[in-house]
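Q: Pasting in a structure now, in structure tokens, and then I'll have a few things to ask.
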Amino acid sequence: MEVNVVLIGFMGAGKSTVGRRLAERMSRPFVDLDAVIEETAGMSIPEIFAAEGEEGFRRREADAVARVSAECGQVIAAGGGTVMQRRNLARLRATGVLVWLRGRLDTVLARAQSESNGHRPLLAKPRAELERLYAERERVYALADHIVDVDDKTPDQVAAEIEAVLRGSDRPQAVVVNVPLPGRSYDIFVGQGLLADAGRLCVGAGVSGKGLLVTNATVGGLYGGALQRSLSLAGLRVPRVDVPDGEQYKTLDTVVRIYRAAVSYRLDRRSFFLALGGGMTGDLAGFAAATFLRGVDFVQVPTTLLAQVDAAVGGKVGVNLDEGKNLVGAFHQPRIVIADVDTLQSLPTRALAAGLAEVVKYGMTADPHLLDFLEDRMEQLLARDRAALMRVVARSCEIKASVVAQDERETLGVREGLNFGHTIGHALEAALSYSTLLHGEAVAIGMLAAAMLSARLTGLAASEVERLAALLQRAGLPLAPPAVDPDQLLTIMRRDKKVLADRLRFVLLERTGRWVVRDDVPDELVLDVLREQRSIWAATAKN
Ligand SMILES: NC(=O)c1ccc[n+]([C@@H]2O[C@H](COP(=O)([O-])OP(=O)(O)OC[C@H]3O[C@@H](n4cnc5c(N)ncnc54)[C@H](O)[C@@H]3O)[C@@H](O)[C@H]2O)c1
Ligand SMILES: [Zn+2]
């Protein structure tokens, strides 16, 4: 079955014109959704609005989407607001790839103006309102499967570009997410084939001189060579040091090995460290960079989904002590983060799912549209579809970047939302001596517990709890906590370094996308919820 190609974007982006050209190029039927609606209604769109209001139009639009997306192999131009309706979006995604024709607001408004013949009620709105509307829609458009810029291009150029992107013959795409910190803002590059480009990207970010590549035998063996070649082509000499693989080696002893390697290669204060690997390598190399010669530059090349969406962004670096995880650390922002989704192809399935748990966390606390995307594209993500992975990595980085920019050192409470699911998650990991559950798996269980607490304490709808459970389950994540001693669990939670004044703090949800912190959750209720969780989802428990 040939999937549909669905063009989305703001009015004036050229969806119909480009769609027609694209359909010709690909020898496919072209369907203009607005035309289908007009034909079926026997009225023009302004007439529908006049007779039935926006509600009538949206109903007709939903019918048209249902009909059109039941067929395949078409090029479809959607209306500007079509995908803002959840059901339409899900239907279009189910049988099609979505391509966002992205244009600056000025570009699309100017085009809409010149094409309009009284058909565009939106154009009458004040500028500020259009900007707000554009920003709102952008959040959904940005989760298209592909994004093609239309500014300064003819419809034929745009059509040709879409065709190339769909064939996969286009240059690897990349998305750049900026972390806007005063004085040391940096970019996160998310894309395919980026390792081969890493040298150029590093130089572009102002990294120079001698470096030290910190990795482990597993990841270094897979990607170290390609990375070193690319760095060397850009004039960066970066010898490699391997650290042992495993969380138990995220220690000061291992940091000392890194310092020694740096000294032996004669690194100086203008040198840099580069971390290639998962969050463990990033935390370790970052801590070494924060402290070696009182701080040198640092580059992150994360290779696990968890590190790409979370650990590599935000500047928290550190090591574990026997007494607990991440007890020693620093804030040290990287110069650049290079997240190549190609590296996720070799990631074990469990680790992939564990990374998805953190993506679900961003969706639950900050962006319901991201949850929609996960629901629609879970199969593709688990099959490691690169475009789908890019979307979730980029959006997750955007969310984390915005939180970090507002509260870099976690003093204002803004960053606290990122701890959703982590109070219980961390305690479960510790209670099981970090051996049974991956971090993301523990967070999945913790998020579900927090959602169940939210249903009792902060008004989260039961349907939202079920939605979360269903999504985690589809990702292959556990839902029920393993049997652990409840008292031990509470003791561990109290010991967590984030406990303020001996009160357990939980990030709870009022609704999806809106979190609050509560420090008055009774112990008994927490244990109740864990028991209930176990009885409902025991079948998914790991032991
Ligand atoms: N600094 C932060 O803000 C932050 C946030 C979240 C987590 N963390 C830290 O991150 C660590 C967990 O990160 P993680 O889940 O990436 O674990 P990890 O770094 O231990 O990697 C997991 C395993 O995957 C292997 N691996 C990595 N990339 C691979 C690839 N592309 N193909 C095949 N195998 C690959 C690694 O060798 C390792 O065995 C913890 O130490 C945690 O404390 C830090
Ligand atoms: Zn986490």
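Each chain in the structure tokens gets a letter, A, B and so on, in the order shown; residues start at 1 in every chain, and ligands are counted from 1 in the order they appear.
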Counting only C-alpha atoms and all ligand atoms, what are the residues, protein, DNA or RNA alike, that approach ligand 1 to within 6 Å? I want them as a list in words.
A: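 Residues lying within 6 Å of ligand 1: Thr218, Val219, Asp245, Gly246, Glu247, Gly277, Gly278, Gly279, Met280, Thr281, Asp283, Thr303, Thr304, Leu306, Ala307, Asp310, Ala311, Lys316, Val317, Thr343, Leu344, Ser346 and Leu347 of chain A.
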Q: Around ligand 2, at most 8 Å away and counting only C-alpha atoms and all ligand atoms, which residues are there? Put them as a ChimeraX atom specification, please.
A: /A:306,310,358,418-419,422,439-440,443
Q: Go ahead and compute the interatomic distance for CA of Asp496 (chain A) and CA of Glu323 (chain A), in Å to one decimal.
A: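 Going from CA of Asp496 (chain A) over to CA of Glu323 (chain A) covers 10.7 Å.
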Q: Name the residues of region 233-357 of chain A that come out as strand (DSSP E) in a backbone DSSP run; write them as a PyMOL selection string.
A: chain A and resi 240-242+272-277+297-302+316-321+324-331+336-340
Q: Using only C-alpha atoms, which of the listed residues (A:Ile8, A:Val75, A:Thr17, A:Leu477) sits closest to Pro29 (chain A)?
A: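 Answer, going by the shortest atom-to-atom distance: A:Val75.
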Q: Quick one: everything within 8 Å of Val140 (chain A), counting only C-alpha atoms, minus sequence neighbours fewer than 2 positions away in the same chain. Send it as a PyMOL selection string.
A: chain A and resi 83-84+136-138+142-144+369
Q: Report the distance between CA of Gly221 (chain A) and CA of Val392 (chain A) in Å, rounded to one decimal place.
A: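 For CA of Gly221 (chain A) relative to CA of Val392 (chain A), the distance reads 26.4 Å.
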Q: As an exercise, work out the distance from CA of Leu457 (chain A) to CA of Leu471 (chain A) in Å and give it to one decimal place.
A: 22.4 Å
Q: Report as a PyMOL selection string all protein, DNA and RNA residues lying within 7 Å of region 89-91 of chain A, evaluated on only C-alpha atoms, omitting residues in the same chain fewer than 6 positions from it.
A: chain A and resi 66+69+83+376
Q: Skip Leu437 (chain A) itself and residues of its chain fewer than 3 positions away, then list as a ChimeraX atom specification all residues within 12 Å of it, counting only C-alpha atoms.
A: /A:350-351,353-354,425-434,440-446,477-482,541-543
